[in-house]
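Structure record follows, encoded as structure tokens.
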Amino acid sequence: MLKIIDAHIHLDHYNNQEIKDIIECDSSLEALISVSFDLDSSKKNRELAKIYSKVKPAYGYHPEQTPPTENQMDELFSWIKSNQSDMVAVGEVGLPYYLRKEQKLTTLQHSQYIDLLEAFIKLSKELEKPIILHAVYEDAPIVCDLLEEYSVSKAHFHWFKGDSKTIQRMAENGYYISVTPDVLYEEEIQQLVQSYPLQQIMVETDGPWPFEGPFTGKMTHPSMMKESIKTIAEIKKLPIDEIYHHVLYNTKSFFFIL
């Protein structure tokens, strides 16, 4: 059987029955990288990983929300260091592109996020863990600058969107991307898959985020990634089995999943 790993899902945002169904009803699902939103989310993902061996947690602070206070940040970083043996990566972290676009962030808050991201990049280097990034469009070069400054190459840009110059820079630096089910109907994502090295591509759902096209009205489920892989195979003009093999290998090696 061809196996899949969801490289980026917010498993803790599903209810208990949905989690059980996701993990137990698809035997092709080998693992899920469950990313965290904040400290409470990190704690819940740690508990899920104790219950289900397929759950591989990542701990972080999602940028599309108000920046944490200094106390919250200290508490989160302290907790992550204490629980580092349980996690496969630092994440989800990054810059608040959508909040900034909607003008819901002050200039000060945005600069706080750059400082916070720098601290998370330092942490990933200190703990020798990969980092999972929310960084799209004009935020991506800022993130690339920081990764280069601290010589961090184990970087995963989830659901990436950006200009061709940044895409080339990311590929040359060895950074990984992951592709969501919107590759079936978004030309921008199809072009990204066309240009990015297959050896640095993973697949994800970002569930429970909903999708359109053939997935309209459906609960986001890792099985949707099988359709993503078919589309990637069509774009890359390679056999589906070969795409499955590469994507699985990429994800296991990136996150050190044995």
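Order determines the names: the first chain of the structure tokens is A, the second B, and so forth; residues in each chain are numbered 1 upward, and ligands are numbered 1 upward as they are shown.
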If we count only C-alpha atoms, what is near A:Tyr52 at a cut-off of 10 Å, once residues fewer than 6 positions away on the same chain are taken out, given as a list in words?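 Once the adjacent positions are removed, what remains is Ile19, Lys20, Ile23, Glu24 and Ala31 of chain A.
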Could you please take those selected residues and save C-alpha atoms as a compact mmCIF listing (two decimals), in the first residue's frame?
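Listed below is the output, result_26.txt:
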# COMPACT_ATOMS: atom_id res chain seq x y z
CA ILE A 19 -9.56 12.82 15.33
CA LYS A 20 -10.29 9.14 15.94
CA ILE A 23 -6.32 8.38 12.41
CA GLU A 24 -8.07 5.01 12.40
CA ALA A 31 1.77 9.91 10.29
Counting only C-alpha atoms, what is within 9 Å of A:Leu48, bar same-chain residues fewer than 6 positions away, as a PyMOL selection string? chain A and resi 11-12+55-57
Residue neighbourhood A:Lys125, 10 Å, only C-alpha atoms, exclusion window fewer than 4 positions, as a ChimeraX atom specification: /A:90,119-121,129-131,147,150-154
For A:Leu198, which of A:His156, A:Arg169, A:His245, A:Lys218 is the closest residue, counting only C-alpha atoms?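 The closest residue to A:Leu198 is A:His245.
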Near A:Ala58, counting only C-alpha atoms, which residues have an atom at most 12 Å away, once you skip same-chain residues fewer than 6 positions from it, shown as a PyMOL selection string? chain A and resi 7-12+32-39+41-46+48-49+80+83-93+124+129-133+255
So that I have them on file, write out the residues from the current selection with C-alpha atoms, as a PDB file, in the first residue's frame.
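Heads up, here's the output in result.pdb:
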ATOM      1  CA  ALA A   7       3.089  17.371   6.772  1.00  0.00           C
ATOM      2  CA  HIS A   8       0.913  20.082   8.320  1.00  0.00           C
ATOM      3  CA  ILE A   9      -2.416  19.695  10.127  1.00  0.00           C
ATOM      4  CA  HIS A  10      -4.038  21.345  13.164  1.00  0.00           C
ATOM      5  CA  LEU A  11      -5.282  18.067  14.585  1.00  0.00           C
ATOM      6  CA  ASP A  12      -6.139  19.655  17.930  1.00  0.00           C
ATOM      7  CA  LEU A  32       0.510  13.465  10.837  1.00  0.00           C
ATOM      8  CA  ILE A  33       2.616  16.472  11.764  1.00  0.00           C
ATOM      9  CA  SER A  34       0.240  18.269  14.119  1.00  0.00           C
ATOM     10  CA  VAL A  35       1.297  21.895  14.465  1.00  0.00           C
ATOM     11  CA  SER A  36       0.412  24.123  17.401  1.00  0.00           C
ATOM     12  CA  PHE A  37      -1.259  27.514  17.762  1.00  0.00           C
ATOM     13  CA  ASP A  38      -0.025  28.477  21.248  1.00  0.00           C
ATOM     14  CA  LEU A  39       0.902  26.877  24.590  1.00  0.00           C
ATOM     15  CA  SER A  41      -2.522  23.925  21.651  1.00  0.00           C
ATOM     16  CA  SER A  42       1.012  22.555  22.143  1.00  0.00           C
ATOM     17  CA  LYS A  43      -0.104  20.768  25.326  1.00  0.00           C
ATOM     18  CA  LYS A  44      -3.101  19.249  23.542  1.00  0.00           C
ATOM     19  CA  ASN A  45      -0.958  18.037  20.645  1.00  0.00           C
ATOM     20  CA  ARG A  46       1.437  16.457  23.134  1.00  0.00           C
ATOM     21  CA  LEU A  48      -2.749  13.448  21.285  1.00  0.00           C
ATOM     22  CA  ALA A  49       0.715  12.106  20.493  1.00  0.00           C
ATOM     23  CA  ILE A  80       9.007  23.691  24.671  1.00  0.00           C
ATOM     24  CA  ASN A  83       9.201  18.852  26.224  1.00  0.00           C
ATOM     25  CA  GLN A  84      11.589  18.941  23.280  1.00  0.00           C
ATOM     26  CA  SER A  85      12.034  15.150  23.226  1.00  0.00           C
ATOM     27  CA  ASP A  86       8.347  14.737  22.310  1.00  0.00           C
ATOM     28  CA  MET A  87       8.316  17.067  19.303  1.00  0.00           C
ATOM     29  CA  VAL A  88       9.465  16.680  15.715  1.00  0.00           C
ATOM     30  CA  ALA A  89       9.685  20.411  14.922  1.00  0.00           C
ATOM     31  CA  VAL A  90       9.191  23.994  16.040  1.00  0.00           C
ATOM     32  CA  GLY A  91       5.927  25.211  14.525  1.00  0.00           C
ATOM     33  CA  GLU A  92       3.788  26.721  13.425  1.00  0.00           C
ATOM     34  CA  VAL A  93       5.636  30.046  13.525  1.00  0.00           C
ATOM     35  CA  SER A 124      15.140  25.527  16.415  1.00  0.00           C
ATOM     36  CA  LYS A 129      14.788  20.670  15.304  1.00  0.00           C
ATOM     37  CA  PRO A 130      13.280  21.600  11.903  1.00  0.00           C
ATOM     38  CA  ILE A 131      11.133  24.744  11.776  1.00  0.00           C
ATOM     39  CA  ILE A 132       7.647  24.962  10.211  1.00  0.00           C
ATOM     40  CA  LEU A 133       6.901  28.367   8.743  1.00  0.00           C
ATOM     41  CA  PHE A 255      11.123  15.386  10.237  1.00  0.00           C
TER      42      PHE A 255
END
Which distance in Å separates atom CA of A:Glu212 and atom CA of A:Ala233, to one decimal?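 Here the two named atoms are 20.4 Å from each other.
Atom CA of A:Met1 lies 12.3 Å from atom CA of A:Leu248.
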Check the DSSP output for the backbone and give back, as a count of residues only, the residues of stretch 77-230 of chain A in alpha helix (DSSP H). 67
Could you pull the residues within 9 Å of stretch 173-180 of chain A, counting only C-alpha atoms, minus those fewer than 2 positions along the same chain, as a PyMOL selection string? chain A and resi 7-8+144+148+153-160+168-171+182-184+189+193+196+199-206+211+224-225+228+250+254
Pick from A:Ile257, A:Gly217, A:Pro210, A:Ser195: nearest to A:Ile235, with only C-alpha atoms counted?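 Under the stated criterion, the closest residue is A:Ser195.
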When DSSP works through the backbone of this structure, what residues of stretch 41-142 of chain A end up as strand (DSSP E or B), shown as a list in words? Val55, Lys56, Pro57, Ala58, Tyr59, Ala89, Val90, Gly91, Glu92, Val93, Gly94, Ile131, Ile132, Leu133 and His134 of chain A
